[in-house]
Amino acid sequence: MPRLRFVSRLKLAQDVLKQPGTLLTLPDRETRLWENRLDWSVGRLDTQVILRFSQVDGRGRQSIMFRVQRSFGN
């Protein structure tokens, strides 16, 4: 299908080993993230769907976002 694009991204972060003199881990930091994105353009209409699965401080989080945008002008 023309102008249809799918992107999948996986991010895994490993905390810094706790050694003397190192900073503590940051709160609310994503340690795991899997994001899937689907974009589709038809004429002046752009649509986007993003689905995210993440883990923050040992707790799983899921979100979905829909976006529809129409451009005006020449």
# chains A, B, ... in the order shown; residues from 1 in each chain; ligands from 1
>>> residues_around(residues="segment 44-53 of chain A", least_positions_apart="2", cutoff="9 Å", atoms="only C-alpha atoms", output="PyMOL selection string")
chain A and resi 32-42+55+60-72
